[in-house]
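Heads up: the structure comes next, in structure tokens.
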Amino acid sequence: MRHPGKQLNQHLINMWQQKQKSKNKQLDESGLRIKCIDLLARREYSYAELETKLLPLNEDETLVYQVLDWMVEHGYQSDERFSNMYVRSKGVSGYGPIRIRLELTQKGVKEYLIEQAFEENQDEVIWADEVDRLIEKKVKNNDLSDPKAKNKVMGFLQRRGFSLDQIYAGLSRYQESINV
């Protein structure tokens, strides 16, 4: 009589081997397009992000770049649209311009598109309001005269990507609102 655990282990090994074989499967042009559209249906991606995801799926780099260029030509992928969406989304989520710029650069977006996205979203994302909101959230009516508490809030805002000028201005506005 075989031990049931051995059967289960063999079954798991077979499943793992099949999964590895399917991972090594190369996609043709239509498969790459379908994969790309499937990814873009969930969220926006930068050109470089899609490139990173598609290159392992086919050995022929020129085919992958043809598919990516086709996506751009037909309007399915746009770094301009991606950067606008990213700035708006992260800006209203409490992240500052320094961090957003860094993340967009890491995602392969060109500098002029990043600047353009910030210009187009300047009416929707007001950085001073975001700093004020985050200070209110972090402080919760505590006194910021304690240097430890003030440094904690400042460190939080710096990690979120706000400049020291924005942070000091926000702290000043907060102190004025308490003193009134």
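For the structure tokens, the naming scheme is as follows: chains receive sequential letters (A, B, ...) according to their order of presentation, residues are indexed from 1 within each chain, and ligands are indexed from 1 in presentation order.
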
message: Could you pull out the helix (DSSP H, G or I) residues of region 32-121 of chain A, going by DSSP on the backbone, and write them as a VMD selection string?
response: chain A and resid 32 to 42 47 to 57 61 to 73 79 to 92 97 to 106 111 to 120

Would you save the residues from that selection as a PDB file, in the first residue's frame, using C-alpha atoms?
ATOM      1  CA  LEU A  32       2.060  39.352 -27.195  1.00  0.00           C
ATOM      2  CA  ARG A  33      -0.653  41.793 -28.303  1.00  0.00           C
ATOM      3  CA  ILE A  34      -3.284  39.939 -26.291  1.00  0.00           C
ATOM      4  CA  LYS A  35      -1.016  39.871 -23.233  1.00  0.00           C
ATOM      5  CA  CYS A  36      -0.312  43.592 -23.616  1.00  0.00           C
ATOM      6  CA  ILE A  37      -3.995  44.491 -23.982  1.00  0.00           C
ATOM      7  CA  ASP A  38      -4.821  42.247 -21.018  1.00  0.00           C
ATOM      8  CA  LEU A  39      -2.291  44.128 -18.877  1.00  0.00           C
ATOM      9  CA  LEU A  40      -3.510  47.534 -20.052  1.00  0.00           C
ATOM     10  CA  ALA A  41      -7.136  46.584 -19.377  1.00  0.00           C
ATOM     11  CA  ARG A  42      -6.347  46.474 -15.648  1.00  0.00           C
ATOM     12  CA  TYR A  47       6.259  51.816 -22.181  1.00  0.00           C
ATOM     13  CA  ALA A  48       9.241  50.648 -20.124  1.00  0.00           C
ATOM     14  CA  GLU A  49       7.039  48.659 -17.725  1.00  0.00           C
ATOM     15  CA  LEU A  50       5.371  46.848 -20.618  1.00  0.00           C
ATOM     16  CA  GLU A  51       8.766  46.250 -22.185  1.00  0.00           C
ATOM     17  CA  THR A  52       9.949  44.608 -18.955  1.00  0.00           C
ATOM     18  CA  LYS A  53       6.871  42.399 -18.828  1.00  0.00           C
ATOM     19  CA  LEU A  54       6.898  41.357 -22.495  1.00  0.00           C
ATOM     20  CA  LEU A  55      10.601  40.758 -23.180  1.00  0.00           C
ATOM     21  CA  PRO A  56      10.712  37.467 -21.207  1.00  0.00           C
ATOM     22  CA  LEU A  57       7.758  36.167 -23.238  1.00  0.00           C
ATOM     23  CA  GLU A  61      13.292  41.538 -29.134  1.00  0.00           C
ATOM     24  CA  THR A  62      12.344  43.184 -32.428  1.00  0.00           C
ATOM     25  CA  LEU A  63       8.957  41.443 -32.336  1.00  0.00           C
ATOM     26  CA  VAL A  64       8.337  42.689 -28.799  1.00  0.00           C
ATOM     27  CA  TYR A  65       9.220  46.259 -29.819  1.00  0.00           C
ATOM     28  CA  GLN A  66       6.983  45.977 -32.888  1.00  0.00           C
ATOM     29  CA  VAL A  67       4.069  45.008 -30.639  1.00  0.00           C
ATOM     30  CA  LEU A  68       4.833  47.847 -28.214  1.00  0.00           C
ATOM     31  CA  ASP A  69       5.080  50.361 -31.056  1.00  0.00           C
ATOM     32  CA  TRP A  70       1.788  49.049 -32.451  1.00  0.00           C
ATOM     33  CA  MET A  71       0.194  49.641 -29.035  1.00  0.00           C
ATOM     34  CA  VAL A  72       1.465  53.225 -28.999  1.00  0.00           C
ATOM     35  CA  GLU A  73       0.381  53.903 -32.620  1.00  0.00           C
ATOM     36  CA  ASP A  79       3.347  57.510 -21.512  1.00  0.00           C
ATOM     37  CA  GLU A  80       1.663  60.925 -21.484  1.00  0.00           C
ATOM     38  CA  ARG A  81      -1.645  59.442 -20.313  1.00  0.00           C
ATOM     39  CA  PHE A  82       0.190  57.188 -17.830  1.00  0.00           C
ATOM     40  CA  SER A  83       2.151  60.066 -16.289  1.00  0.00           C
ATOM     41  CA  ASN A  84      -0.963  62.283 -16.000  1.00  0.00           C
ATOM     42  CA  MET A  85      -2.890  59.512 -14.296  1.00  0.00           C
ATOM     43  CA  TYR A  86       0.025  58.682 -12.008  1.00  0.00           C
ATOM     44  CA  VAL A  87       0.570  62.278 -10.863  1.00  0.00           C
ATOM     45  CA  ARG A  88      -3.142  62.773 -10.199  1.00  0.00           C
ATOM     46  CA  SER A  89      -3.543  59.432  -8.408  1.00  0.00           C
ATOM     47  CA  LYS A  90      -0.462  59.690  -6.200  1.00  0.00           C
ATOM     48  CA  GLY A  91      -0.952  63.410  -5.567  1.00  0.00           C
ATOM     49  CA  VAL A  92      -4.417  63.017  -4.091  1.00  0.00           C
ATOM     50  CA  PRO A  97       6.110  65.866  -6.040  1.00  0.00           C
ATOM     51  CA  ILE A  98       9.650  64.686  -5.266  1.00  0.00           C
ATOM     52  CA  ARG A  99       8.602  61.088  -4.720  1.00  0.00           C
ATOM     53  CA  ILE A 100       6.216  61.086  -7.683  1.00  0.00           C
ATOM     54  CA  ARG A 101       8.948  62.416 -10.000  1.00  0.00           C
ATOM     55  CA  LEU A 102      11.354  59.754  -8.752  1.00  0.00           C
ATOM     56  CA  GLU A 103       8.857  56.933  -9.231  1.00  0.00           C
ATOM     57  CA  LEU A 104       7.942  58.091 -12.740  1.00  0.00           C
ATOM     58  CA  THR A 105      11.624  58.275 -13.660  1.00  0.00           C
ATOM     59  CA  GLN A 106      12.085  54.735 -12.329  1.00  0.00           C
ATOM     60  CA  GLU A 111      11.452  64.049 -18.020  1.00  0.00           C
ATOM     61  CA  TYR A 112       9.465  66.352 -20.323  1.00  0.00           C
ATOM     62  CA  LEU A 113       6.369  64.124 -19.924  1.00  0.00           C
ATOM     63  CA  ILE A 114       6.747  64.230 -16.150  1.00  0.00           C
ATOM     64  CA  GLU A 115       6.906  68.035 -16.174  1.00  0.00           C
ATOM     65  CA  GLN A 116       3.950  68.193 -18.544  1.00  0.00           C
ATOM     66  CA  ALA A 117       1.921  65.929 -16.226  1.00  0.00           C
ATOM     67  CA  PHE A 118       2.651  68.168 -13.241  1.00  0.00           C
ATOM     68  CA  GLU A 119       1.616  71.255 -15.230  1.00  0.00           C
ATOM     69  CA  GLU A 120      -1.630  69.650 -16.380  1.00  0.00           C
TER      70      GLU A 120
END

Find the residues of region 110-144 of chain A that sit at most 7 Å from region 165-171 of chain A; for each, write down the nearest two atoms and how far apart they are in Å, to one decimal. Count only C-alpha atoms. Sort by chain, then by number going up, and give it as JSON lines.
{"residue": "A:Ala128", "atom": "CA", "partner": "A:Gly170", "partner_atom": "CA", "distance": 6.7}
{"residue": "A:Val131", "atom": "CA", "partner": "A:Gly170", "partner_atom": "CA", "distance": 5.9}
{"residue": "A:Asp132", "atom": "CA", "partner": "A:Gly170", "partner_atom": "CA", "distance": 5.5}

With C-alpha atoms retained, could you export that selection as a PDB file, in the first residue's frame?
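Wrote again_31.pdb, looks like this:
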ATOM      1  CA  ALA A 128      -0.099  72.889   0.124  1.00  0.00           C
ATOM      2  CA  VAL A 131       0.675  68.868   3.234  1.00  0.00           C
ATOM      3  CA  ASP A 132      -1.920  70.494   5.510  1.00  0.00           C
TER       4      ASP A 132
END

task: Find the distance between CA of Leu27 (chain A) and CA of Asn58 (chain A) and write it in Å to one decimal.
output: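 Those two atoms sit 5.8 Å apart.
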
query: If you count only C-alpha atoms, which residues fall within 10 Å of Ser93 (chain A), apart from same-chain ones fewer than 6 positions away, as a ChimeraX atom specification?
result: /A:87,125,130,134

- request: Record the distance separating CA of Gly161 (chain A) and CA of Gly94 (chain A), expressed in Å with one decimal.
  value: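 So the answer is 9.0 Å.
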